[in-house]
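A.B. asks: I am attaching a structure below and will ask some questions about it afterwards.
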Amino acid sequence: MNIRDFSRDMDEMLQAFLLFWIPVSMVPLGLWYSLTSSPLRGRFLAFSGIVLVCLSPWTVPSSPSTAAGHLLGAVIGPCMLIIIGIYLVSFSGNVPVGKLPRSDRKIGVLMAGVGFVWLAGMHWWILTPQLSPNEVNVYWYVFWPTFLLLTSCLSSCSAVTLLMIGERRKSESNIMFLVSAFSFTILLLGLNIDGPLVTGERFREHLWLAVADMAGIAAGSLLSIFVFALVIYTYERNLPEPESITPPSDSELKQVSMRIATHLGGEEE
Amino acid sequence: MKESHLVFTWRMIVLAFFLPPLLILAVEMTFFGEFKGIDSSVSFTRFANATLTAFTLCSFFLLGNLFFYGESRNRPLAPLVGMCMATGLGVLATVFFIGQGPMLLEGNGSVQGQAIYNIVHMFVSSGAIFMAACVALGVTFSAITSQKQRSSFELEEE
């Protein structure tokens, strides 16, 4: 099928709705469906949604929103490598269930390392997500600083938590401080060393926008949770008192005590 | 744990979370003598857009959760209507504030364009937040499971 001809026949808004927004909504719907009724169908629906979103820059080239689909296609590889790598490292250690072979540890470290190098290559090498030659995907400037800064913040938070709440967790805490320092170093390098397409100046500008963005997300989410709690609290408080029932009669009490007596006690050792 | 110690622990954890951005600010101040790259009006615009979008999307998500809450309460309408109003308020506030002029328009020509940009932006930010949480939690778990197995009980000396 010729995509260009097909796209010319349709209204741009309708095209974006059918080929971008419906696939986007298929992902949460599929996940929800896989958790509630049919896991296989749900996963297929979510997977199809992800594939269609990744293809959206080609299927709906006129919509600026599809730059997010382009970014998803660009970062899904390294992100999956990192997640699978961490999973392999975690479950090849001392876990009581689902233990993987010890050799998976090295593979996991390698996979996570390759994932990070791949992401770093998007900043300092030729792998930068580009919508057209020399035009960096705008959402890359959202993803990369947010990911680095939050990884550093959460790792630092985790390190202090392990140190202060955990017992004899100093070595684990040191590992988390190292992860935090590592992502912080990449941030500092990003601020000071230009890549072929991403300059330090641009990265600095977007880093502070990422801070504003995260603060806004935290504020908005907390506000909506507060409103949700308020709605539930108000409803529960306005409920009428439950009707009191008459106390049990003597025959009922006798029946209950007989029932309890048959279930009390045990065999003597 | 004593209450004062608990408060101290929580303060340390919160401080640890904010340490990296504070360190970057300190480095910027030390080497450049100013906060380079911070444009307060642009940052405020992003903050306001993110707040409005997060409120609306999160309310919408919580509205879905009310259906499960309703299952144990004979499906009451009152909280559902309340949360619908909160979500509607979020949508109206977003449209109203974006429509006030160029203050909340981030280079987009129309209210509709900005609203769609906000939603897509939120998806990307959420993806980055999810990924960062996966890395931090995953590495913490890896660090814990990589240590030698601990015994939960001390053997009693005979």
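Ordering of the structure tokens sets the chain letters (A, B, ...), residue numbers begin anew at 1 in every chain, and ligands are numbered from 1 in the order given.
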Using only C-alpha atoms, find each residue of chain B with at least one atom at most 6 Å away from an atom of chain A; report its shortest atom-to-atom pair and that distance in Å (one decimal), sort the rows by chain and rising residue number, and return the result as a tab-separated table.
C.D. replies:
residue	atom	partner	partner_atom	distance
B:Ile13	CA	A:Cys157	CA	5.5
B:Ala16	CA	A:Cys157	CA	4.9
B:Phe17	CA	A:Cys153	CA	4.6
B:Pro20	CA	A:Cys153	CA	5.9
B:Gly37	CA	A:Glu205	CA	4.6
B:Ser43	CA	A:Leu209	CA	5.5
B:Arg46	CA	A:Asp213	CA	5.9
B:Phe47	CA	A:Gly216	CA	4.6
B:Ala50	CA	A:Gly216	CA	4.7
B:Thr51	CA	A:Gly220	CA	4.2
B:Ala54	CA	A:Gly220	CA	4.8
B:Phe55	CA	A:Gly220	CA	4.2
B:Cys58	CA	A:Ser221	CA	5.8
B:Ser59	CA	A:Ser224	CA	5.4
B:Pro79	CA	A:Val231	CA	5.8
B:Ala128	CA	A:Phe147	CA	4.9
B:Ala132	CA	A:Thr151	CA	4.7
B:Ala136	CA	A:Ser155	CA	5.2
B:Gly138	CA	A:Ile86	CA	5.9
B:Ser142	CA	A:Ser90	CA	4.1
B:Ala143	CA	A:Glu172	CA	5.2
B:Thr145	CA	A:Asn94	CA	4.9
B:Ser146	CA	A:Gly93	CA	4.9
A.B. asks: Those selected residues, please, written with C-alpha atoms and delivered as a short mmCIF file (atom, residue, chain, number, x, y, z; two decimals), in the first residue's frame.
C.D. replies:
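Result written to out.cif:
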data_model
loop_
_atom_site.label_atom_id
_atom_site.label_comp_id
_atom_site.auth_asym_id
_atom_site.auth_seq_id
_atom_site.Cartn_x
_atom_site.Cartn_y
_atom_site.Cartn_z
CA ILE B 13 16.23 11.20 52.52
CA ALA B 16 19.43 13.32 49.26
CA PHE B 17 16.73 13.51 46.59
CA PRO B 20 21.95 16.47 42.54
CA GLY B 37 20.25 28.79 30.79
CA SER B 43 10.33 27.60 33.08
CA ARG B 46 6.47 24.65 31.45
CA PHE B 47 5.69 24.28 35.17
CA ALA B 50 2.86 20.35 33.41
CA THR B 51 0.76 21.04 36.53
CA ALA B 54 -0.75 16.20 35.28
CA PHE B 55 -3.80 17.24 37.30
CA CYS B 58 -4.13 11.96 36.97
CA SER B 59 -7.76 12.88 37.82
CA PRO B 79 -18.06 10.36 44.31
CA ALA B 128 11.63 9.13 31.29
CA ALA B 132 14.64 6.39 35.85
CA ALA B 136 17.11 3.21 40.49
CA GLY B 138 16.44 -2.25 39.76
CA SER B 142 20.59 -5.89 42.25
CA ALA B 143 22.89 -4.43 44.89
CA THR B 145 20.76 -9.56 45.91
CA SER B 146 24.43 -9.47 44.90
#
A.B. asks: Write out as JSON, numbers by chain all residues of stretch 9-249 of chain A that backbone DSSP assigns to alpha helix (DSSP H).
C.D. replies: {"A": [9, 12, 13, 14, 15, 16, 22, 23, 24, 25, 26, 27, 28, 29, 30, 31, 32, 33, 34, 35, 36, 39, 40, 41, 42, 43, 44, 45, 46, 47, 48, 49, 50, 51, 52, 53, 54, 55, 56, 57, 58, 59, 66, 67, 68, 69, 70, 71, 72, 73, 74, 75, 76, 77, 78, 79, 80, 81, 82, 83, 84, 85, 86, 87, 88, 89, 90, 91, 104, 105, 106, 107, 108, 109, 110, 111, 112, 113, 114, 115, 116, 117, 118, 119, 120, 121, 122, 123, 124, 140, 141, 142, 143, 144, 145, 146, 147, 148, 149, 150, 151, 152, 153, 154, 155, 156, 157, 158, 159, 160, 161, 162, 163, 164, 170, 171, 172, 173, 174, 175, 176, 177, 178, 179, 180, 181, 182, 183, 184, 185, 186, 187, 188, 189, 190, 191, 192, 200, 201, 202, 203, 204, 205, 206, 207, 208, 209, 210, 211, 212, 213, 214, 215, 216, 217, 218, 219, 220, 221, 222, 223, 224, 225, 226, 227, 228, 229, 230, 231, 232, 233, 234, 235, 236, 237]}
A.B. asks: Excluding B:Val27 and its own-chain neighbours fewer than 2 positions away, which residues fall within 12 Å of it when counting only C-alpha atoms? Please give them as a list in words.
C.D. replies: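 The contact residues come out as Phe184, Thr185, Leu187, Leu188, Leu191 and Asn192 of chain A; Pro20, Pro21, Leu22, Leu23, Ile24, Leu25, Met29, Thr30, Phe31, Phe32, Gly33, Glu34, Phe35 and Lys36 of chain B.
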A.B. asks: Could you save those same residues with N, CA and C atoms as a compact mmCIF listing (two decimals), in the first residue's frame?
C.D. replies:
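Here's the written file result-v3.txt:
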# COMPACT_ATOMS: atom_id res chain seq x y z
N PHE A 184 25.14 11.72 37.48
CA PHE A 184 25.44 13.14 37.70
C PHE A 184 26.61 13.58 36.83
N THR A 185 27.61 12.69 36.70
CA THR A 185 28.77 13.02 35.85
C THR A 185 28.34 13.16 34.39
N LEU A 187 25.48 14.07 33.38
CA LEU A 187 24.77 15.36 33.31
C LEU A 187 25.76 16.51 33.16
N LEU A 188 26.80 16.50 34.02
CA LEU A 188 27.80 17.58 33.96
C LEU A 188 28.52 17.59 32.62
N LEU A 191 26.39 19.15 30.07
CA LEU A 191 26.32 20.61 30.20
C LEU A 191 27.55 21.29 29.61
N ASN A 192 28.67 20.56 29.56
CA ASN A 192 29.92 21.21 29.17
C ASN A 192 30.56 20.72 27.88
N PRO B 20 21.37 16.27 43.89
CA PRO B 20 21.95 16.47 42.54
C PRO B 20 21.61 17.83 41.89
N PRO B 21 20.31 18.25 41.85
CA PRO B 21 20.07 19.58 41.24
C PRO B 21 20.72 20.72 42.03
N LEU B 22 20.77 20.56 43.37
CA LEU B 22 21.42 21.61 44.17
C LEU B 22 22.92 21.67 43.86
N LEU B 23 23.52 20.48 43.66
CA LEU B 23 24.95 20.43 43.31
C LEU B 23 25.21 21.08 41.96
N ILE B 24 24.30 20.84 41.01
CA ILE B 24 24.48 21.45 39.68
C ILE B 24 24.41 22.97 39.81
N LEU B 25 23.45 23.44 40.61
CA LEU B 25 23.35 24.89 40.83
C LEU B 25 24.64 25.44 41.45
N MET B 29 27.07 28.14 39.79
CA MET B 29 27.37 29.39 40.48
C MET B 29 28.89 29.57 40.64
N THR B 30 29.57 28.45 40.95
CA THR B 30 31.01 28.53 41.20
C THR B 30 31.77 28.88 39.91
N PHE B 31 31.41 28.20 38.81
CA PHE B 31 32.20 28.38 37.59
C PHE B 31 31.72 29.52 36.70
N PHE B 32 30.42 29.83 36.74
CA PHE B 32 29.93 30.88 35.84
C PHE B 32 29.42 32.11 36.58
N GLY B 33 29.24 31.99 37.91
CA GLY B 33 28.78 33.13 38.70
C GLY B 33 27.32 33.47 38.48
N GLU B 34 26.59 32.66 37.74
CA GLU B 34 25.15 32.90 37.50
C GLU B 34 24.49 31.59 37.09
N PHE B 35 23.16 31.59 37.13
CA PHE B 35 22.43 30.39 36.67
C PHE B 35 22.23 30.52 35.17
N LYS B 36 23.17 29.96 34.42
CA LYS B 36 23.05 30.07 32.95
C LYS B 36 21.93 29.18 32.44
A.B. asks: Show which residues sit within 7 Å of A:Val53, as number ranges by chain. Count only C-alpha atoms, and ignore same-chain residues fewer than 3 positions away.
C.D. replies: A: 20, 23-24, 49-50, 56, 69
A.B. asks: Rounded to one decimal, what separation in Å do you get between atom CA of B:Met83 and atom CA of B:Phe68?
C.D. replies: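 Atom CA of B:Met83 sits 13.6 Å away from atom CA of B:Phe68.
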A.B. asks: Using DSSP assignments from the backbone, pull out every residue in stretch 99-183 of chain A that falls under strand (DSSP E or B) and give it to me as a PyMOL selection string.
C.D. replies: chain A and resi 130-132+135-136
